[in-house]
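Shown next, in structure tokens, is the structure this report addresses.
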Amino acid sequence: MKADINVPIPVLRRMPSYLSFVKTLQKQGEKYVSSTRIAEYMEIDSTQVTKDLSHTGISGKTRVGYEVDSFVRILEDFLGFSRVDGAFLVGAGSLGSALLQDKGLSAFGLQIEAAFDTDKTKIGTKVNDIEIFHIDQFRAMAAERKVVIGIITVPAEHAQNVADLMVAWGIKAIWNFTPARIKVPTHIVVQNTTIYMNLAILFNKLYNDKGEKK
Ligand SMILES: NC(=O)c1ccc[n+]([C@@H]2O[C@H](COP(=O)([O-])OP(=O)(O)OC[C@H]3O[C@@H](n4cnc5c(N)ncnc54)[C@H](O)[C@@H]3O)[C@@H](O)[C@H]2O)c1
């Protein structure tokens, strides 16, 4: 079966959890996993799991299910986790440094190769062995290393300016952690990420039945 490139976003959001679950089974030495077992873990219907996985080209065997090793390999390839892309981060402050410290990103296919800032006290220093350069060096270094992914962790009021520079300097995909909604040409991929949005959902769920948060 061939992999599908037009996968709905909710399906893509579930897939890393499928992968994580099946990798745990792989570590435990299990050879096969059924869609029912994945569905129970996910607390969703097994037809949903089968339908989601049909996008990837993974095929299962009747009764035994999916072969664990090939499941992990195919899903990692499909999600782009098996190939590691380089990225540059702009804004090596508290959040930027936390991302530089994270060893987990490379397991998901992203290696932050360098960070950039305007604060002179940070230039030349390293976080987790990743050097912080002046933003003026971004363009030449991105061209030299062929980096096309940019991460923005500057204060919100500087986000648009940094995004404009990234686009002018050849960046094709931006992972924006600021609350600013940056405007970029349509051919540039933008992913906005905020932990605060999840917190709003957590509060909503927690206090929905129990009254207002005091
Ligand atoms: N997405 C999330 O879940 C989340 C979580 C925390 C913070 N944030 C956002 O991340 C951003 C950074 O927050 P922080 O707490 O790390 O701030 P911070 O002040 O600790 O760090 C910001 C860094 O950006 C640098 N900077 C400022 N302007 C710059 C520019 N034009 N070019 C390059 N570097 C520049 C500063 O020198 C500093 O090192 C903010 O927009 C904040 O709202 C998002």
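Chain labels follow the order of the structure tokens: the first chain is A, the next B, and so on; residue numbering restarts at 1 in every chain, and ligands are counted from 1 in their shown order.
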
For this session: Tell me which protein, DNA and RNA residues are within 12 Å of Tyr41 (chain A), counting only C-alpha atoms, leaving out same-chain ones fewer than 2 positions away, and put them as an NGL selection string.
Result: :A and (14 or 17-22 or 24-25 or 33-39 or 43-46 or 49)

Residues from last step as file, N, CA and C atoms, as a PDB file, in the first residue's frame:
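Once everything was written out, this is out-v4.pdb:
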```pdb
ATOM      1  N   ARG A  14      -2.615  12.162  16.220  1.00  0.00           N
ATOM      2  CA  ARG A  14      -2.710  10.882  16.947  1.00  0.00           C
ATOM      3  C   ARG A  14      -1.493   9.992  16.696  1.00  0.00           C
ATOM      4  N   SER A  17       1.409   9.310  19.137  1.00  0.00           N
ATOM      5  CA  SER A  17       1.028   8.493  20.305  1.00  0.00           C
ATOM      6  C   SER A  17       0.998   7.019  19.928  1.00  0.00           C
ATOM      7  N   TYR A  18       0.530   6.706  18.713  1.00  0.00           N
ATOM      8  CA  TYR A  18       0.572   5.303  18.252  1.00  0.00           C
ATOM      9  C   TYR A  18       2.021   4.819  18.268  1.00  0.00           C
ATOM     10  N   LEU A  19       2.880   5.680  17.710  1.00  0.00           N
ATOM     11  CA  LEU A  19       4.289   5.312  17.581  1.00  0.00           C
ATOM     12  C   LEU A  19       4.922   5.092  18.950  1.00  0.00           C
ATOM     13  N   SER A  20       4.656   6.017  19.868  1.00  0.00           N
ATOM     14  CA  SER A  20       5.239   5.918  21.202  1.00  0.00           C
ATOM     15  C   SER A  20       4.780   4.628  21.895  1.00  0.00           C
ATOM     16  N   PHE A  21       3.491   4.292  21.756  1.00  0.00           N
ATOM     17  CA  PHE A  21       2.958   3.075  22.379  1.00  0.00           C
ATOM     18  C   PHE A  21       3.627   1.827  21.785  1.00  0.00           C
ATOM     19  N   VAL A  22       3.707   1.799  20.451  1.00  0.00           N
ATOM     20  CA  VAL A  22       4.257   0.597  19.808  1.00  0.00           C
ATOM     21  C   VAL A  22       5.768   0.487  20.080  1.00  0.00           C
ATOM     22  N   THR A  24       7.144   1.301  22.877  1.00  0.00           N
ATOM     23  CA  THR A  24       7.217   0.722  24.226  1.00  0.00           C
ATOM     24  C   THR A  24       7.069  -0.794  24.134  1.00  0.00           C
ATOM     25  N   LEU A  25       6.122  -1.250  23.306  1.00  0.00           N
ATOM     26  CA  LEU A  25       5.924  -2.696  23.126  1.00  0.00           C
ATOM     27  C   LEU A  25       7.180  -3.327  22.520  1.00  0.00           C
ATOM     28  N   VAL A  33       1.259  -6.248  17.137  1.00  0.00           N
ATOM     29  CA  VAL A  33       0.278  -5.453  17.882  1.00  0.00           C
ATOM     30  C   VAL A  33      -0.982  -5.307  17.029  1.00  0.00           C
ATOM     31  N   SER A  34      -2.119  -5.454  17.656  1.00  0.00           N
ATOM     32  CA  SER A  34      -3.370  -5.337  16.902  1.00  0.00           C
ATOM     33  C   SER A  34      -3.910  -3.908  16.976  1.00  0.00           C
ATOM     34  N   SER A  35      -4.782  -3.568  16.026  1.00  0.00           N
ATOM     35  CA  SER A  35      -5.387  -2.231  16.059  1.00  0.00           C
ATOM     36  C   SER A  35      -6.265  -2.092  17.305  1.00  0.00           C
ATOM     37  N   THR A  36      -6.836  -3.203  17.757  1.00  0.00           N
ATOM     38  CA  THR A  36      -7.680  -3.164  18.963  1.00  0.00           C
ATOM     39  C   THR A  36      -6.849  -2.752  20.182  1.00  0.00           C
ATOM     40  N   ARG A  37      -5.641  -3.287  20.261  1.00  0.00           N
ATOM     41  CA  ARG A  37      -4.786  -2.971  21.408  1.00  0.00           C
ATOM     42  C   ARG A  37      -4.363  -1.496  21.384  1.00  0.00           C
ATOM     43  N   ILE A  38      -4.035  -1.016  20.188  1.00  0.00           N
ATOM     44  CA  ILE A  38      -3.667   0.406  20.065  1.00  0.00           C
ATOM     45  C   ILE A  38      -4.886   1.261  20.433  1.00  0.00           C
ATOM     46  N   ALA A  39      -6.064   0.830  19.961  1.00  0.00           N
ATOM     47  CA  ALA A  39      -7.296   1.574  20.216  1.00  0.00           C
ATOM     48  C   ALA A  39      -7.605   1.631  21.712  1.00  0.00           C
ATOM     49  N   GLU A  43      -7.869   4.871  23.821  1.00  0.00           N
ATOM     50  CA  GLU A  43      -9.273   5.083  24.197  1.00  0.00           C
ATOM     51  C   GLU A  43     -10.084   5.669  23.040  1.00  0.00           C
ATOM     52  N   ILE A  44      -9.867   5.053  21.859  1.00  0.00           N
ATOM     53  CA  ILE A  44     -10.668   5.399  20.676  1.00  0.00           C
ATOM     54  C   ILE A  44     -11.112   4.091  20.022  1.00  0.00           C
ATOM     55  N   ASP A  45     -11.925   4.232  18.965  1.00  0.00           N
ATOM     56  CA  ASP A  45     -12.436   3.048  18.282  1.00  0.00           C
ATOM     57  C   ASP A  45     -11.349   2.403  17.404  1.00  0.00           C
ATOM     58  N   SER A  46     -11.343   1.069  17.336  1.00  0.00           N
ATOM     59  CA  SER A  46     -10.282   0.420  16.554  1.00  0.00           C
ATOM     60  C   SER A  46     -10.415   0.701  15.048  1.00  0.00           C
ATOM     61  N   VAL A  49      -8.319   3.638  14.315  1.00  0.00           N
ATOM     62  CA  VAL A  49      -6.891   3.308  14.234  1.00  0.00           C
ATOM     63  C   VAL A  49      -6.568   2.727  12.858  1.00  0.00           C
TER      64      VAL A  49
END
```

Problem set entry | Neighbourhood of ligand 1 at 7 Å, counting only C-alpha atoms and all ligand atoms, reported as a list of chain:residue names | A:Val90, A:Gly91, A:Ala92, A:Gly93, A:Ser94, A:Leu95, A:Gly96, A:Phe116, A:Asp117, A:Thr118, A:Asp119, A:Ile135, A:Thr153, A:Val154, A:Pro155, A:Ala156, A:His158, A:Asn161, A:Val162, A:Phe177, A:Thr178, A:Pro179, A:Thr193, A:Thr194, A:Ile195, A:Tyr196

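Counting from CA of Ala114 (chain A), the distance to CA of Val127 (chain A) is 9.7 Å.
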
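Close contacts of Ala107 (chain A), defined as residues with an atom at most 9 Å away when counting only C-alpha atoms, with chain neighbours fewer than 6 positions off set aside, comprise Phe81, Ser82 and Val84 of chain A.
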
Selection to disk with C-alpha atoms, as a compact mmCIF listing (two decimals), in the first residue's frame:
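Done, and the output landed in out-v3.txt:
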```txt
# COMPACT_ATOMS: atom_id res chain seq x y z
CA PHE A 81 11.12 11.38 12.39
CA SER A 82 13.72 9.03 10.92
CA VAL A 84 16.95 14.50 11.01
```

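Atom pair CA of Lys103 (chain A) / CA of Ile151 (chain A): separated by 15.9 Å.
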
Problem set entry | Those in region 15-135 of chain A with strand (DSSP E or B) from DSSP, as a ChimeraX atom specification | /A:32-33,61,65-67,85-90,110-117,126-127,130-134

How about saving the chosen residues, N, CA and C atoms kept, as a compact mmCIF listing (two decimals), in the first residue's frame?
```txt
# COMPACT_ATOMS: atom_id res chain seq x y z
N TYR A 32 4.08 -8.48 17.61
CA TYR A 32 2.89 -8.02 16.88
C TYR A 32 2.00 -7.17 17.78
N VAL A 33 1.26 -6.25 17.14
CA VAL A 33 0.28 -5.45 17.88
C VAL A 33 -0.98 -5.31 17.03
N LYS A 61 -1.58 -8.18 9.53
CA LYS A 61 -1.95 -9.54 9.15
C LYS A 61 -3.21 -9.91 9.93
N GLY A 65 -2.22 -8.96 13.63
CA GLY A 65 -2.10 -7.50 13.61
C GLY A 65 -0.86 -7.02 12.88
N TYR A 66 -0.32 -5.89 13.34
CA TYR A 66 0.84 -5.28 12.69
C TYR A 66 2.13 -5.82 13.29
N GLU A 67 3.11 -6.00 12.43
CA GLU A 67 4.42 -6.45 12.91
C GLU A 67 5.12 -5.22 13.52
N ASP A 85 16.35 16.76 10.38
CA ASP A 85 16.52 18.05 9.72
C ASP A 85 17.21 19.02 10.68
N GLY A 86 18.05 19.86 10.14
CA GLY A 86 18.70 20.89 10.95
C GLY A 86 17.80 22.10 11.07
N ALA A 87 17.90 22.80 12.21
CA ALA A 87 17.11 24.02 12.40
C ALA A 87 17.95 25.07 13.11
N PHE A 88 17.59 26.34 12.88
CA PHE A 88 18.22 27.45 13.61
C PHE A 88 17.18 28.07 14.52
N LEU A 89 17.59 28.40 15.74
CA LEU A 89 16.67 29.01 16.71
C LEU A 89 17.04 30.46 16.91
N VAL A 90 16.06 31.35 16.93
CA VAL A 90 16.34 32.76 17.19
C VAL A 90 15.65 33.18 18.49
N LEU A 110 14.39 16.57 14.57
CA LEU A 110 14.84 17.96 14.49
C LEU A 110 16.09 18.18 15.34
N GLN A 111 17.12 18.71 14.70
CA GLN A 111 18.39 18.99 15.39
C GLN A 111 18.61 20.49 15.34
N ILE A 112 18.60 21.14 16.50
CA ILE A 112 18.90 22.58 16.49
C ILE A 112 20.42 22.73 16.38
N GLU A 113 20.86 23.30 15.27
CA GLU A 113 22.30 23.35 14.99
C GLU A 113 22.97 24.59 15.55
N ALA A 114 22.20 25.67 15.63
CA ALA A 114 22.78 26.91 16.15
C ALA A 114 21.66 27.81 16.64
N ALA A 115 22.03 28.72 17.57
CA ALA A 115 21.04 29.68 18.07
C ALA A 115 21.54 31.09 17.77
N PHE A 116 20.61 32.03 17.72
CA PHE A 116 20.96 33.41 17.37
C PHE A 116 20.25 34.35 18.33
N ASP A 117 20.92 35.46 18.65
CA ASP A 117 20.34 36.41 19.58
C ASP A 117 20.94 37.78 19.26
N LYS A 126 27.50 28.96 24.93
CA LYS A 126 26.86 27.74 24.44
C LYS A 126 25.80 27.25 25.42
N VAL A 127 24.77 26.63 24.90
CA VAL A 127 23.78 25.95 25.74
C VAL A 127 23.72 24.53 25.19
N ILE A 130 25.42 23.91 22.03
CA ILE A 130 24.94 24.61 20.82
C ILE A 130 25.32 26.09 20.96
N GLU A 131 26.08 26.59 20.01
CA GLU A 131 26.60 27.96 20.14
C GLU A 131 25.55 29.01 19.79
N ILE A 132 25.65 30.13 20.49
CA ILE A 132 24.76 31.26 20.22
C ILE A 132 25.55 32.31 19.42
N PHE A 133 25.01 32.63 18.25
CA PHE A 133 25.67 33.59 17.35
C PHE A 133 24.84 34.87 17.29
N HIS A 134 25.47 35.96 16.76
CA HIS A 134 24.69 37.18 16.54
C HIS A 134 23.77 36.93 15.36
```

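Minimum atom-to-atom distance to Trp169 (chain A), evaluated using only C-alpha atoms, belongs to A:Gly150 out of A:Gly57, A:Gly104, A:Gly109, A:Gly150.
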
Problem set entry | All alpha helix (DSSP H) residues (DSSP, backbone) inside region 2-212 of chain A, as an NGL selection string | :A and (9-27 or 35-42 or 46-54 or 68-79 or 94-101 or 138-145 or 156-168 or 195-208)

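Take the candidates A:Phe108, A:Glu40, A:Ile9, A:Thr62 and check each one against Glu76 (chain A) using only C-alpha atoms; the shortest distance goes to A:Phe108.
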
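Ranking A:Val148, A:Met15, A:Val190, A:Met141 by their shortest atom-to-atom distance to Val72 (chain A), with only C-alpha atoms included, puts A:Met15 first.
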
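In this structure, CA of Ile188 (chain A) sits 27.7 Å away from CA of Leu53 (chain A).
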
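With only C-alpha atoms as the atoms that count, the residue of A:Pro10, A:Glu157, A:Leu100, A:Arg139 with the shortest distance to Gly170 (chain A) is A:Arg139.
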
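Proximity to Ala143 (chain A) was assessed for A:Ile174, A:Val7, A:Ala168, A:Val64 counting only C-alpha atoms; the smallest distance is recorded for A:Ala168.
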